[in-house]
Amino acid sequence: MMYEQVIRDFAKRTLGNMRVIDELKEQGREVYEVTQLVNSTLGLLVFPQQEYVKRIPNTPLDQLTRDGWPVPKVGKGFDQVQDLNQLIRYLRNAIAHFNIEFIGDGQDQLHLLRVWNVWRGKKTWEAELSVTDLRGIAERFIELLMREVRSN
């Protein structure tokens with residue numbers, strides 16, 4: 001099956017792959033759902049970024065929260081993101097530059113991710129988000145990408 005609308009189709013296929021990983025995990029198969037989630041997020045944030053970044057809405061953080069978007073917990077001394085565009089940009093930069101730390105729960109399960117951005121050797125932003133929060137952001141971003149592509 002060919003990509004007809006690259007961003008939409010990539011987003012849809014990414015969601016499909018995430019769901020297959022979930023199904024395999026439920027069946028007791030050895031899968032690495034957090035690894036897949038980070039790979040999926042990397043693709044979602046980097047792949048369409050060049051074409052789509054300027055069209056990501058500047059939806060304010062309080063509206064995102066009301067709409068059910070998970071919001072990363074910002075580290076001490078760092079400012080919270082202001083809107084969706086900034087959130088996506090910060091996450092994209094952190095994940096694309098592998099500024100990510102995987103934190104376990106002490107029971108051999110990954111449950112938290114710490115991400116950060118660096119500019120000219122100085123950390124400019126740091127945040128933590130649960131695996132569930134990253135999944136929620138990925139799924140909502142997929143919905144946004146698919147809506148945006150349909151409307152154009």
# chains A, B, ... in the order shown; residues from 1 in each chain; ligands from 1
call {"tool": "select_by_dssp", "arguments": {"residues": "chain A", "states": "strand (DSSP E)", "output": "number ranges by chain"}}
result
A: 73-74, 100-104, 110-119, 122-130
call {"tool": "residues_around", "arguments": {"residues": "stretch 27-40 of chain A", "least_positions_apart": "6", "cutoff": "10 Å", "atoms": "only C-alpha atoms", "output": "PDB file with N, CA, C and O atoms, in the first residue's frame"}}
result
ATOM      1  N   PHE A  10       1.444   8.260   7.261  1.00  0.00           N
ATOM      2  CA  PHE A  10       2.477   7.917   8.240  1.00  0.00           C
ATOM      3  C   PHE A  10       1.894   7.928   9.651  1.00  0.00           C
ATOM      4  O   PHE A  10       2.128   7.002  10.436  1.00  0.00           O
ATOM      5  N   ALA A  11       1.110   8.948   9.963  1.00  0.00           N
ATOM      6  CA  ALA A  11       0.491   9.042  11.287  1.00  0.00           C
ATOM      7  C   ALA A  11      -0.449   7.860  11.533  1.00  0.00           C
ATOM      8  O   ALA A  11      -0.410   7.225  12.590  1.00  0.00           O
ATOM      9  N   ARG A  13      -0.450   4.886  10.092  1.00  0.00           N
ATOM     10  CA  ARG A  13       0.299   3.634  10.187  1.00  0.00           C
ATOM     11  C   ARG A  13       1.053   3.534  11.509  1.00  0.00           C
ATOM     12  O   ARG A  13       1.176   2.442  12.075  1.00  0.00           O
ATOM     13  N   THR A  14       1.533   4.661  11.991  1.00  0.00           N
ATOM     14  CA  THR A  14       2.210   4.678  13.293  1.00  0.00           C
ATOM     15  C   THR A  14       1.245   4.261  14.387  1.00  0.00           C
ATOM     16  O   THR A  14       1.583   3.432  15.247  1.00  0.00           O
ATOM     17  N   LEU A  15       0.036   4.804  14.363  1.00  0.00           N
ATOM     18  CA  LEU A  15      -0.977   4.424  15.344  1.00  0.00           C
ATOM     19  C   LEU A  15      -1.296   2.935  15.231  1.00  0.00           C
ATOM     20  O   LEU A  15      -1.402   2.227  16.245  1.00  0.00           O
ATOM     21  N   ASN A  17       0.678   0.545  14.187  1.00  0.00           N
ATOM     22  CA  ASN A  17       1.806  -0.204  14.738  1.00  0.00           C
ATOM     23  C   ASN A  17       1.801  -0.179  16.263  1.00  0.00           C
ATOM     24  O   ASN A  17       2.078  -1.198  16.912  1.00  0.00           O
ATOM     25  N   MET A  18       1.472   0.956  16.851  1.00  0.00           N
ATOM     26  CA  MET A  18       1.409   1.056  18.305  1.00  0.00           C
ATOM     27  C   MET A  18       0.343   0.110  18.848  1.00  0.00           C
ATOM     28  O   MET A  18       0.547  -0.556  19.870  1.00  0.00           O
ATOM     29  N   ARG A  19      -0.771   0.014  18.168  1.00  0.00           N
ATOM     30  CA  ARG A  19      -1.859  -0.868  18.612  1.00  0.00           C
ATOM     31  C   ARG A  19      -1.466  -2.345  18.482  1.00  0.00           C
ATOM     32  O   ARG A  19      -1.835  -3.163  19.319  1.00  0.00           O
ATOM     33  N   VAL A  20      -0.736  -2.694  17.430  1.00  0.00           N
ATOM     34  CA  VAL A  20      -0.281  -4.077  17.270  1.00  0.00           C
ATOM     35  C   VAL A  20       0.668  -4.448  18.414  1.00  0.00           C
ATOM     36  O   VAL A  20       0.569  -5.546  18.978  1.00  0.00           O
ATOM     37  N   ILE A  21       1.552  -3.549  18.765  1.00  0.00           N
ATOM     38  CA  ILE A  21       2.463  -3.801  19.891  1.00  0.00           C
ATOM     39  C   ILE A  21       1.656  -4.025  21.163  1.00  0.00           C
ATOM     40  O   ILE A  21       1.946  -4.939  21.946  1.00  0.00           O
ATOM     41  N   VAL A  46       9.541  14.277  14.083  1.00  0.00           N
ATOM     42  CA  VAL A  46      10.614  14.693  13.181  1.00  0.00           C
ATOM     43  C   VAL A  46      10.189  14.610  11.720  1.00  0.00           C
ATOM     44  O   VAL A  46      10.407  15.538  10.950  1.00  0.00           O
ATOM     45  N   ILE A  95      13.854  14.597  21.840  1.00  0.00           N
ATOM     46  CA  ILE A  95      13.906  13.215  21.366  1.00  0.00           C
ATOM     47  C   ILE A  95      14.838  13.082  20.162  1.00  0.00           C
ATOM     48  O   ILE A  95      15.613  12.138  20.071  1.00  0.00           O
ATOM     49  N   ILE A 100      17.213  12.192  26.390  1.00  0.00           N
ATOM     50  CA  ILE A 100      16.147  11.429  27.018  1.00  0.00           C
ATOM     51  C   ILE A 100      16.766  10.434  27.996  1.00  0.00           C
ATOM     52  O   ILE A 100      17.804   9.838  27.713  1.00  0.00           O
ATOM     53  N   PHE A 102      15.540   7.174  30.459  1.00  0.00           N
ATOM     54  CA  PHE A 102      14.486   6.218  30.769  1.00  0.00           C
ATOM     55  C   PHE A 102      14.584   5.873  32.251  1.00  0.00           C
ATOM     56  O   PHE A 102      15.646   5.463  32.720  1.00  0.00           O
ATOM     57  N   GLN A 109      10.404  -2.231  35.014  1.00  0.00           N
ATOM     58  CA  GLN A 109       9.477  -1.636  34.056  1.00  0.00           C
ATOM     59  C   GLN A 109       9.815  -0.161  33.882  1.00  0.00           C
ATOM     60  O   GLN A 109      10.005   0.549  34.866  1.00  0.00           O
ATOM     61  N   LEU A 110       9.866   0.272  32.631  1.00  0.00           N
ATOM     62  CA  LEU A 110      10.038   1.699  32.371  1.00  0.00           C
ATOM     63  C   LEU A 110       8.708   2.392  32.631  1.00  0.00           C
ATOM     64  O   LEU A 110       7.667   1.921  32.191  1.00  0.00           O
ATOM     65  N   HIS A 111       8.746   3.485  33.346  1.00  0.00           N
ATOM     66  CA  HIS A 111       7.483   4.170  33.614  1.00  0.00           C
ATOM     67  C   HIS A 111       7.573   5.684  33.464  1.00  0.00           C
ATOM     68  O   HIS A 111       6.551   6.359  33.413  1.00  0.00           O
ATOM     69  N   LEU A 112       8.773   6.221  33.375  1.00  0.00           N
ATOM     70  CA  LEU A 112       8.941   7.670  33.335  1.00  0.00           C
ATOM     71  C   LEU A 112      10.058   8.011  32.362  1.00  0.00           C
ATOM     72  O   LEU A 112      11.036   7.274  32.240  1.00  0.00           O
ATOM     73  N   LEU A 113       9.892   9.125  31.677  1.00  0.00           N
ATOM     74  CA  LEU A 113      10.923   9.627  30.778  1.00  0.00           C
ATOM     75  C   LEU A 113      11.280  11.048  31.193  1.00  0.00           C
ATOM     76  O   LEU A 113      10.389  11.854  31.479  1.00  0.00           O
ATOM     77  N   VAL A 131       5.130   7.244  30.758  1.00  0.00           N
ATOM     78  CA  VAL A 131       4.948   6.548  29.488  1.00  0.00           C
ATOM     79  C   VAL A 131       3.518   6.762  28.997  1.00  0.00           C
ATOM     80  O   VAL A 131       3.285   6.997  27.810  1.00  0.00           O
ATOM     81  N   THR A 132       2.574   6.714  29.919  1.00  0.00           N
ATOM     82  CA  THR A 132       1.166   6.945  29.564  1.00  0.00           C
ATOM     83  C   THR A 132       0.971   8.347  28.990  1.00  0.00           C
ATOM     84  O   THR A 132       0.236   8.528  28.014  1.00  0.00           O
ATOM     85  N   LEU A 134       3.290  10.195  27.459  1.00  0.00           N
ATOM     86  CA  LEU A 134       3.894  10.251  26.124  1.00  0.00           C
ATOM     87  C   LEU A 134       2.975   9.581  25.104  1.00  0.00           C
ATOM     88  O   LEU A 134       2.803  10.091  23.995  1.00  0.00           O
ATOM     89  N   ARG A 135       2.367   8.486  25.485  1.00  0.00           N
ATOM     90  CA  ARG A 135       1.427   7.812  24.591  1.00  0.00           C
ATOM     91  C   ARG A 135       0.253   8.733  24.275  1.00  0.00           C
ATOM     92  O   ARG A 135      -0.179   8.839  23.127  1.00  0.00           O
ATOM     93  N   ALA A 138       1.339  11.382  21.858  1.00  0.00           N
ATOM     94  CA  ALA A 138       1.507  10.799  20.516  1.00  0.00           C
ATOM     95  C   ALA A 138       0.155  10.581  19.845  1.00  0.00           C
ATOM     96  O   ALA A 138      -0.033  10.947  18.676  1.00  0.00           O
TER      97      ALA A 138
END
call {"tool": "residues_around", "arguments": {"residues": "A:Val71", "least_positions_apart": "2", "cutoff": "10 Å", "atoms": "only C-alpha atoms", "output": "list in words"}}
result
Leu61, Asp62, Leu64, Thr65, Gly68, Trp69, Lys73, Val74, Gln80, Val81, Leu84, Leu87, Ala127, Glu128, Leu129, Ser130, Asp133, Leu134, Gly136 and Ile137 of chain A
call {"tool": "closest_residue", "arguments": {"among": "A:Ala94, A:Gln86, A:Gly77, A:Asp67", "to": "A:Val53", "atoms": "only C-alpha atoms"}}
result
A:Gln86
call {"tool": "decode", "arguments": {"residues": "stretch 88-104 of chain A", "atoms": "all heavy atoms", "output": "JSON list (two decimals), in the first residue's frame"}}
result
[["chain", "number", "residue", "atom", "x", "y", "z"],
["A", 88, "ILE", "N", 5.36, 20.65, 21.26],
["A", 88, "ILE", "CA", 5.79, 19.74, 20.20],
["A", 88, "ILE", "C", 7.23, 20.05, 19.79],
["A", 88, "ILE", "O", 8.04, 19.13, 19.60],
["A", 88, "ILE", "CB", 4.82, 19.81, 18.99],
["A", 88, "ILE", "CG1", 3.42, 19.33, 19.38],
["A", 88, "ILE", "CG2", 5.38, 19.03, 17.80],
["A", 88, "ILE", "CD1", 3.35, 17.91, 19.92],
["A", 89, "ARG", "N", 7.57, 21.30, 19.68],
["A", 89, "ARG", "CA", 8.93, 21.69, 19.30],
["A", 89, "ARG", "C", 9.94, 21.24, 20.35],
["A", 89, "ARG", "O", 10.99, 20.66, 20.01],
["A", 89, "ARG", "CB", 9.01, 23.20, 19.08],
["A", 89, "ARG", "CG", 10.31, 23.64, 18.43],
["A", 89, "ARG", "CD", 10.30, 25.11, 18.05],
["A", 89, "ARG", "NE", 10.32, 25.97, 19.22],
["A", 89, "ARG", "CZ", 9.32, 26.74, 19.61],
["A", 89, "ARG", "NH1", 8.21, 26.80, 18.91],
["A", 89, "ARG", "NH2", 9.42, 27.49, 20.68],
["A", 90, "TYR", "N", 9.64, 21.44, 21.62],
["A", 90, "TYR", "CA", 10.56, 21.04, 22.69],
["A", 90, "TYR", "C", 10.72, 19.52, 22.74],
["A", 90, "TYR", "O", 11.83, 19.01, 22.89],
["A", 90, "TYR", "CB", 10.07, 21.56, 24.04],
["A", 90, "TYR", "CG", 10.36, 23.02, 24.32],
["A", 90, "TYR", "CD1", 10.70, 23.91, 23.31],
["A", 90, "TYR", "CD2", 10.27, 23.51, 25.60],
["A", 90, "TYR", "CE1", 10.94, 25.24, 23.57],
["A", 90, "TYR", "CE2", 10.51, 24.83, 25.88],
["A", 90, "TYR", "CZ", 10.85, 25.70, 24.87],
["A", 90, "TYR", "OH", 11.10, 27.02, 25.14],
["A", 91, "LEU", "N", 9.60, 18.80, 22.63],
["A", 91, "LEU", "CA", 9.69, 17.34, 22.63],
["A", 91, "LEU", "C", 10.45, 16.84, 21.42],
["A", 91, "LEU", "O", 11.26, 15.92, 21.51],
["A", 91, "LEU", "CB", 8.29, 16.72, 22.66],
["A", 91, "LEU", "CG", 7.56, 16.76, 23.99],
["A", 91, "LEU", "CD1", 6.15, 16.22, 23.84],
["A", 91, "LEU", "CD2", 8.31, 15.99, 25.07],
["A", 92, "ARG", "N", 10.19, 17.43, 20.28],
["A", 92, "ARG", "CA", 10.88, 17.05, 19.06],
["A", 92, "ARG", "C", 12.39, 17.22, 19.22],
["A", 92, "ARG", "O", 13.17, 16.32, 18.92],
["A", 92, "ARG", "CB", 10.39, 17.89, 17.88],
["A", 92, "ARG", "CG", 11.08, 17.57, 16.57],
["A", 92, "ARG", "CD", 11.83, 18.79, 16.04],
["A", 92, "ARG", "NE", 12.55, 18.46, 14.85],
["A", 92, "ARG", "CZ", 13.89, 18.40, 14.80],
["A", 92, "ARG", "NH1", 14.63, 18.66, 15.85],
["A", 92, "ARG", "NH2", 14.50, 18.08, 13.69],
["A", 93, "ASN", "N", 12.81, 18.38, 19.72],
["A", 93, "ASN", "CA", 14.24, 18.63, 19.89],
["A", 93, "ASN", "C", 14.86, 17.66, 20.89],
["A", 93, "ASN", "O", 15.95, 17.13, 20.66],
["A", 93, "ASN", "CB", 14.48, 20.07, 20.32],
["A", 93, "ASN", "CG", 14.17, 21.06, 19.22],
["A", 93, "ASN", "OD1", 14.08, 20.70, 18.05],
["A", 93, "ASN", "ND2", 13.99, 22.31, 19.58],
["A", 94, "ALA", "N", 14.18, 17.43, 22.00],
["A", 94, "ALA", "CA", 14.71, 16.53, 23.02],
["A", 94, "ALA", "C", 14.89, 15.12, 22.48],
["A", 94, "ALA", "O", 15.95, 14.51, 22.63],
["A", 94, "ALA", "CB", 13.79, 16.54, 24.24],
["A", 95, "ILE", "N", 13.85, 14.60, 21.84],
["A", 95, "ILE", "CA", 13.91, 13.21, 21.37],
["A", 95, "ILE", "C", 14.84, 13.08, 20.16],
["A", 95, "ILE", "O", 15.61, 12.14, 20.07],
["A", 95, "ILE", "CB", 12.48, 12.69, 21.07],
["A", 95, "ILE", "CG1", 11.70, 12.61, 22.39],
["A", 95, "ILE", "CG2", 12.53, 11.34, 20.38],
["A", 95, "ILE", "CD1", 10.23, 12.28, 22.24],
["A", 96, "ALA", "N", 14.80, 14.05, 19.26],
["A", 96, "ALA", "CA", 15.65, 13.98, 18.06],
["A", 96, "ALA", "C", 17.13, 14.02, 18.41],
["A", 96, "ALA", "O", 17.96, 13.41, 17.72],
["A", 96, "ALA", "CB", 15.31, 15.12, 17.10],
["A", 97, "HIS", "N", 17.48, 14.71, 19.49],
["A", 97, "HIS", "CA", 18.88, 14.82, 19.89],
["A", 97, "HIS", "C", 19.24, 13.83, 20.99],
["A", 97, "HIS", "O", 20.29, 13.93, 21.61],
["A", 97, "HIS", "CB", 19.19, 16.25, 20.31],
["A", 97, "HIS", "CG", 19.06, 17.21, 19.17],
["A", 97, "HIS", "ND1", 20.00, 17.32, 18.17],
["A", 97, "HIS", "CD2", 18.08, 18.08, 18.84],
["A", 97, "HIS", "CE1", 19.62, 18.23, 17.29],
["A", 97, "HIS", "NE2", 18.45, 18.70, 17.67],
["A", 98, "PHE", "N", 18.33, 12.87, 21.22],
["A", 98, "PHE", "CA", 18.48, 11.83, 22.22],
["A", 98, "PHE", "C", 18.78, 12.40, 23.61],
["A", 98, "PHE", "O", 19.57, 11.84, 24.37],
["A", 98, "PHE", "CB", 19.53, 10.79, 21.81],
["A", 98, "PHE", "CG", 19.31, 9.47, 22.50],
["A", 98, "PHE", "CD1", 18.15, 8.75, 22.29],
["A", 98, "PHE", "CD2", 20.26, 8.98, 23.36],
["A", 98, "PHE", "CE1", 17.95, 7.53, 22.94],
["A", 98, "PHE", "CE2", 20.06, 7.78, 24.02],
["A", 98, "PHE", "CZ", 18.90, 7.05, 23.81],
["A", 99, "ASN", "N", 18.14, 13.50, 23.92],
["A", 99, "ASN", "CA", 18.19, 14.06, 25.27],
["A", 99, "ASN", "C", 17.03, 13.45, 26.04],
["A", 99, "ASN", "O", 16.02, 14.10, 26.30],
["A", 99, "ASN", "CB", 18.09, 15.59, 25.22],
["A", 99, "ASN", "CG", 19.28, 16.21, 24.54],
["A", 99, "ASN", "OD1", 20.36, 15.64, 24.52],
["A", 99, "ASN", "ND2", 19.09, 17.38, 23.97],
["A", 100, "ILE", "N", 17.21, 12.19, 26.39],
["A", 100, "ILE", "CA", 16.15, 11.43, 27.02],
["A", 100, "ILE", "C", 16.77, 10.43, 28.00],
["A", 100, "ILE", "O", 17.80, 9.84, 27.71],
["A", 100, "ILE", "CB", 15.29, 10.72, 25.95],
["A", 100, "ILE", "CG1", 14.08, 10.03, 26.54],
["A", 100, "ILE", "CG2", 16.11, 9.78, 25.11],
["A", 100, "ILE", "CD1", 13.07, 9.57, 25.49],
["A", 101, "GLU", "N", 16.12, 10.33, 29.14],
["A", 101, "GLU", "CA", 16.54, 9.35, 30.14],
["A", 101, "GLU", "C", 15.33, 8.48, 30.46],
["A", 101, "GLU", "O", 14.24, 8.98, 30.71],
["A", 101, "GLU", "CB", 17.01, 10.07, 31.41],
["A", 101, "GLU", "CG", 17.41, 9.16, 32.53],
["A", 101, "GLU", "CD", 17.80, 9.91, 33.80],
["A", 101, "GLU", "OE1", 17.79, 11.15, 33.80],
["A", 101, "GLU", "OE2", 18.08, 9.22, 34.79],
["A", 102, "PHE", "N", 15.54, 7.17, 30.46],
["A", 102, "PHE", "CA", 14.49, 6.22, 30.77],
["A", 102, "PHE", "C", 14.58, 5.87, 32.25],
["A", 102, "PHE", "O", 15.65, 5.46, 32.72],
["A", 102, "PHE", "CB", 14.64, 4.95, 29.92],
["A", 102, "PHE", "CG", 14.53, 5.22, 28.45],
["A", 102, "PHE", "CD1", 15.65, 5.50, 27.68],
["A", 102, "PHE", "CD2", 13.29, 5.20, 27.83],
["A", 102, "PHE", "CE1", 15.55, 5.74, 26.32],
["A", 102, "PHE", "CE2", 13.17, 5.44, 26.46],
["A", 102, "PHE", "CZ", 14.30, 5.71, 25.71],
["A", 103, "ILE", "N", 13.50, 6.02, 32.96],
["A", 103, "ILE", "CA", 13.49, 5.80, 34.41],
["A", 103, "ILE", "C", 12.55, 4.64, 34.72],
["A", 103, "ILE", "O", 11.39, 4.64, 34.30],
["A", 103, "ILE", "CB", 13.05, 7.09, 35.14],
["A", 103, "ILE", "CG1", 14.01, 8.24, 34.78],
["A", 103, "ILE", "CG2", 12.99, 6.85, 36.65],
["A", 103, "ILE", "CD1", 13.54, 9.60, 35.21],
["A", 104, "GLY", "N", 13.07, 3.67, 35.44],
["A", 104, "GLY", "CA", 12.29, 2.49, 35.79],
["A", 104, "GLY", "C", 11.55, 2.66, 37.10],
["A", 104, "GLY", "O", 11.76, 3.61, 37.84]]
